[in-house]
Amino acid sequence: MTEAAPNTTEDPASADIREILKGGANEVRPDVLMHTAFVNTYSVLLGDELLLVDPGLQRLAPTVYEAVRAWSDKPLAAALYTHGHFDHAFGLGPWLDGGETPDIIAQERCVDRFKRYQLTDGFNARINQRQFSLPKPTFPDSFDWPTALIRDNLVKEIGGSEVHFHAAMGETDDAVYAWLPKQRYLFTGDLVVWSSPNCGNPQKVQRYPVEWAEALDEMASLGAEWLFPGHGIVVHGEDAIRNMLTDTAAWLRSVIDQVLERMNAGQTPEQIFHAVDPDPELAKRAFLRVIYDHPKFIVRNLLRLWGGWWNGNAADLLPSRWEEQGREIALLAGGVDTLVARGRTLLEEGNTQMACHVAEWATQGHPEDVPAQELKRDAYQERLTTARETMTQGIYRAAMNDAVIALGEEPAAPGRLAL
Ligand SMILES: [Zn+2]
């Protein structure tokens, strides 16, 4: 998850926090400074030492560093990467440059992640550009490697307090959550993000809904009084925290169970994709709103996890090129003009989903056709206006801009994020 979740909720237990959380750095507890800028970075004062949870983004690292140092001058004993994503694990530069020598704590698989990032830097930069509608490809290519690795669990004493680090899987395979039993503080990383779980991202590697639900149940059993999420607001109160965690686990399992049942019953990926939706009652929770990832992408992710890549359509096993398919469909329609006209009708009728299919057939088969590219531009623009999720918005905007560029027009302004 790499977008600041909304700072609004109906949960009264969090109202006091909402009052004092206005962005930037906020002392949310006498011993916890929360810096919010696209991601939450927490500094925890433990005796005479500091623990930093998620150093944050490379670009904003100096700002975070200055905010923490204005709050406390205690030495940095340890920094935790709750996972190795670019918004969480790339902000240690100013600390290390300033001569600090923290233990850099992460899950073992975080090292594998960074190695993969080195192999696929250009690819990830383009994914990021598309996902967040950035003006240019952006991805960090230098790493502050972990020095203390967790396979399952690790208990450290920092400043006289025990800190329990637990390995988990969910949005990533290298997740860690931290539990401070004396303070009853729980730092969840992106296992909690104030939106429906980012567990199906269409452009990213495998995600782990089953293990995510297990980690949520584990965390729910701890009896935390304060929950500090990777994005979004702090949650206060044992009952509010337990309900949030167990409801999110149940929401995930409502998708998982349907997919499994249908897979085992012999349904095709196509049937399963269209049939499965999350529990509608749980979906009403303020912390499960669909604003980032899409539940249908979790279905896809599970089909990939438990199945092969074949989509169930035998023609797609060794298919014709999309451009050949597009030309064939235009031929059947009586020409690309007819195809475009039908796409326009679909748009007028409000069937933007089908209009996008028609626009793809028209432009794939006839990329030089101006009305076809105009249809594609307009169809995805319409799709974009109704898309609620960051994951869908980025891809629709990129498709729209492909048509805009083909038409020699100026691409639409990038999204609101400018990293
Ligand atoms: Zn994140």
# chains A, B, ... in the order shown; residues from 1 in each chain; ligands from 1
call {"tool": "select_by_dssp", "arguments": {"residues": "stretch 110-196 of chain A", "states": "strand (DSSP E or B)", "output": "ChimeraX atom specification"}}
result
/A:148-150,153-158,161-168,175-180,185-189
call {"tool": "residues_around", "arguments": {"residues": "A:Ala224", "least_positions_apart": "5", "cutoff": "9 Å", "atoms": "only C-alpha atoms", "output": "number ranges by chain"}}
result
A: 179-181, 183-186, 219, 236-238, 241-242
call {"tool": "write_last_selection", "arguments": {"atoms": "N, CA and C atoms", "output": "tab-separated table (two decimals), in the first residue's frame"}}
result
chain	number	residue	atom	x	y	z
A	179	TRP	N	5.23	-5.83	18.40
A	179	TRP	CA	4.34	-5.82	19.57
A	179	TRP	C	5.16	-5.47	20.80
A	180	LEU	N	4.74	-4.43	21.50
A	180	LEU	CA	5.40	-4.01	22.74
A	180	LEU	C	4.47	-4.33	23.90
A	181	PRO	N	4.67	-5.47	24.57
A	181	PRO	CA	3.68	-5.93	25.56
A	181	PRO	C	3.50	-4.98	26.74
A	183	GLN	N	3.80	-1.68	26.87
A	183	GLN	CA	3.04	-0.50	26.45
A	183	GLN	C	1.71	-0.87	25.80
A	184	ARG	N	1.59	-2.14	25.41
A	184	ARG	CA	0.43	-2.64	24.64
A	184	ARG	C	0.28	-1.89	23.32
A	185	TYR	N	1.42	-1.65	22.69
A	185	TYR	CA	1.47	-1.00	21.39
A	185	TYR	C	1.65	-2.06	20.30
A	186	LEU	N	0.90	-1.91	19.23
A	186	LEU	CA	1.02	-2.81	18.09
A	186	LEU	C	1.29	-1.99	16.82
A	219	MET	N	-2.67	-10.99	15.60
A	219	MET	CA	-2.56	-9.64	16.20
A	219	MET	C	-3.77	-9.35	17.07
A	236	HIS	N	-7.32	3.47	18.89
A	236	HIS	CA	-7.19	3.36	20.34
A	236	HIS	C	-8.35	2.54	20.90
A	237	GLY	N	-8.03	1.60	21.78
A	237	GLY	CA	-9.09	0.85	22.45
A	237	GLY	C	-9.04	-0.62	22.06
A	238	GLU	N	-9.02	-1.46	23.10
A	238	GLU	CA	-8.84	-2.90	22.85
A	238	GLU	C	-9.95	-3.48	21.97
A	241	ILE	N	-9.79	-2.24	18.30
A	241	ILE	CA	-8.66	-2.86	17.59
A	241	ILE	C	-8.99	-4.30	17.24
A	242	ARG	N	-9.50	-5.04	18.22
A	242	ARG	CA	-9.81	-6.44	17.95
A	242	ARG	C	-10.87	-6.57	16.85
call {"tool": "residues_around", "arguments": {"residues": "stretch 91-93 of chain A", "least_positions_apart": "2", "cutoff": "8 Å", "atoms": "only C-alpha atoms", "output": "list in words"}}
result
Asp54, Pro55, Gly56, Leu57, Gln58, Arg59, Leu60, Ala61, His88, Ala89, Trp95, Leu96, Asp97 and Asp144 of chain A
call {"tool": "closest_atom_pairs", "arguments": {"of": "chain A", "to": "ligand 1", "cutoff": "10 Å", "atoms": "only C-alpha atoms and all ligand atoms", "output": "JSON lines"}}
result
{"residue": "A:Met1", "atom": "CA", "partner": "ligand 1", "partner_atom_place_in_ligand_line": "1 (Zn)", "distance": 3.8}
{"residue": "A:Thr2", "atom": "CA", "partner": "ligand 1", "partner_atom_place_in_ligand_line": "1 (Zn)", "distance": 4.1}
{"residue": "A:Glu3", "atom": "CA", "partner": "ligand 1", "partner_atom_place_in_ligand_line": "1 (Zn)", "distance": 6.7}
{"residue": "A:Ala4", "atom": "CA", "partner": "ligand 1", "partner_atom_place_in_ligand_line": "1 (Zn)", "distance": 8.2}
{"residue": "A:Ala5", "atom": "CA", "partner": "ligand 1", "partner_atom_place_in_ligand_line": "1 (Zn)", "distance": 9.7}
{"residue": "A:Phe38", "atom": "CA", "partner": "ligand 1", "partner_atom_place_in_ligand_line": "1 (Zn)", "distance": 8.2}
{"residue": "A:Val39", "atom": "CA", "partner": "ligand 1", "partner_atom_place_in_ligand_line": "1 (Zn)", "distance": 6.0}
{"residue": "A:Asn40", "atom": "CA", "partner": "ligand 1", "partner_atom_place_in_ligand_line": "1 (Zn)", "distance": 8.3}
{"residue": "A:Asp54", "atom": "CA", "partner": "ligand 1", "partner_atom_place_in_ligand_line": "1 (Zn)", "distance": 9.4}
{"residue": "A:Gly56", "atom": "CA", "partner": "ligand 1", "partner_atom_place_in_ligand_line": "1 (Zn)", "distance": 8.9}
{"residue": "A:Leu57", "atom": "CA", "partner": "ligand 1", "partner_atom_place_in_ligand_line": "1 (Zn)", "distance": 9.8}
{"residue": "A:Thr82", "atom": "CA", "partner": "ligand 1", "partner_atom_place_in_ligand_line": "1 (Zn)", "distance": 9.2}
{"residue": "A:His83", "atom": "CA", "partner": "ligand 1", "partner_atom_place_in_ligand_line": "1 (Zn)", "distance": 8.4}
{"residue": "A:Gly84", "atom": "CA", "partner": "ligand 1", "partner_atom_place_in_ligand_line": "1 (Zn)", "distance": 9.3}
{"residue": "A:His85", "atom": "CA", "partner": "ligand 1", "partner_atom_place_in_ligand_line": "1 (Zn)", "distance": 6.7}
{"residue": "A:Phe86", "atom": "CA", "partner": "ligand 1", "partner_atom_place_in_ligand_line": "1 (Zn)", "distance": 7.9}
{"residue": "A:Asp87", "atom": "CA", "partner": "ligand 1", "partner_atom_place_in_ligand_line": "1 (Zn)", "distance": 5.7}
{"residue": "A:His88", "atom": "CA", "partner": "ligand 1", "partner_atom_place_in_ligand_line": "1 (Zn)", "distance": 6.2}
{"residue": "A:Ala89", "atom": "CA", "partner": "ligand 1", "partner_atom_place_in_ligand_line": "1 (Zn)", "distance": 9.6}
{"residue": "A:Glu171", "atom": "CA", "partner": "ligand 1", "partner_atom_place_in_ligand_line": "1 (Zn)", "distance": 9.2}
{"residue": "A:Gly189", "atom": "CA", "partner": "ligand 1", "partner_atom_place_in_ligand_line": "1 (Zn)", "distance": 7.3}
{"residue": "A:Asp190", "atom": "CA", "partner": "ligand 1", "partner_atom_place_in_ligand_line": "1 (Zn)", "distance": 5.5}
{"residue": "A:Leu191", "atom": "CA", "partner": "ligand 1", "partner_atom_place_in_ligand_line": "1 (Zn)", "distance": 9.2}
{"residue": "A:Val192", "atom": "CA", "partner": "ligand 1", "partner_atom_place_in_ligand_line": "1 (Zn)", "distance": 9.5}
{"residue": "A:Val193", "atom": "CA", "partner": "ligand 1", "partner_atom_place_in_ligand_line": "1 (Zn)", "distance": 7.7}
{"residue": "A:Asn198", "atom": "CA", "partner": "ligand 1", "partner_atom_place_in_ligand_line": "1 (Zn)", "distance": 9.5}
{"residue": "A:Pro229", "atom": "CA", "partner": "ligand 1", "partner_atom_place_in_ligand_line": "1 (Zn)", "distance": 9.5}
{"residue": "A:Gly230", "atom": "CA", "partner": "ligand 1", "partner_atom_place_in_ligand_line": "1 (Zn)", "distance": 5.9}
{"residue": "A:His231", "atom": "CA", "partner": "ligand 1", "partner_atom_place_in_ligand_line": "1 (Zn)", "distance": 6.5}
call {"tool": "residues_around", "arguments": {"residues": "A:Ile105", "least_positions_apart": "6", "cutoff": "9 Å", "atoms": "only C-alpha atoms", "output": "ChimeraX atom specification"}}
result
/A:78-82,146-150,165
call {"tool": "closest_residue", "arguments": {"among": "A:Thr386, A:Glu410, A:Tyr117, A:Leu52", "to": "A:Pro75", "atoms": "only C-alpha atoms"}}
result
A:Leu52
call {"tool": "closest_residue", "arguments": {"among": "A:Asn264, A:Gln364, A:Asn124, A:Ser133", "to": "A:Asn401", "atoms": "only C-alpha atoms"}}
result
A:Ser133
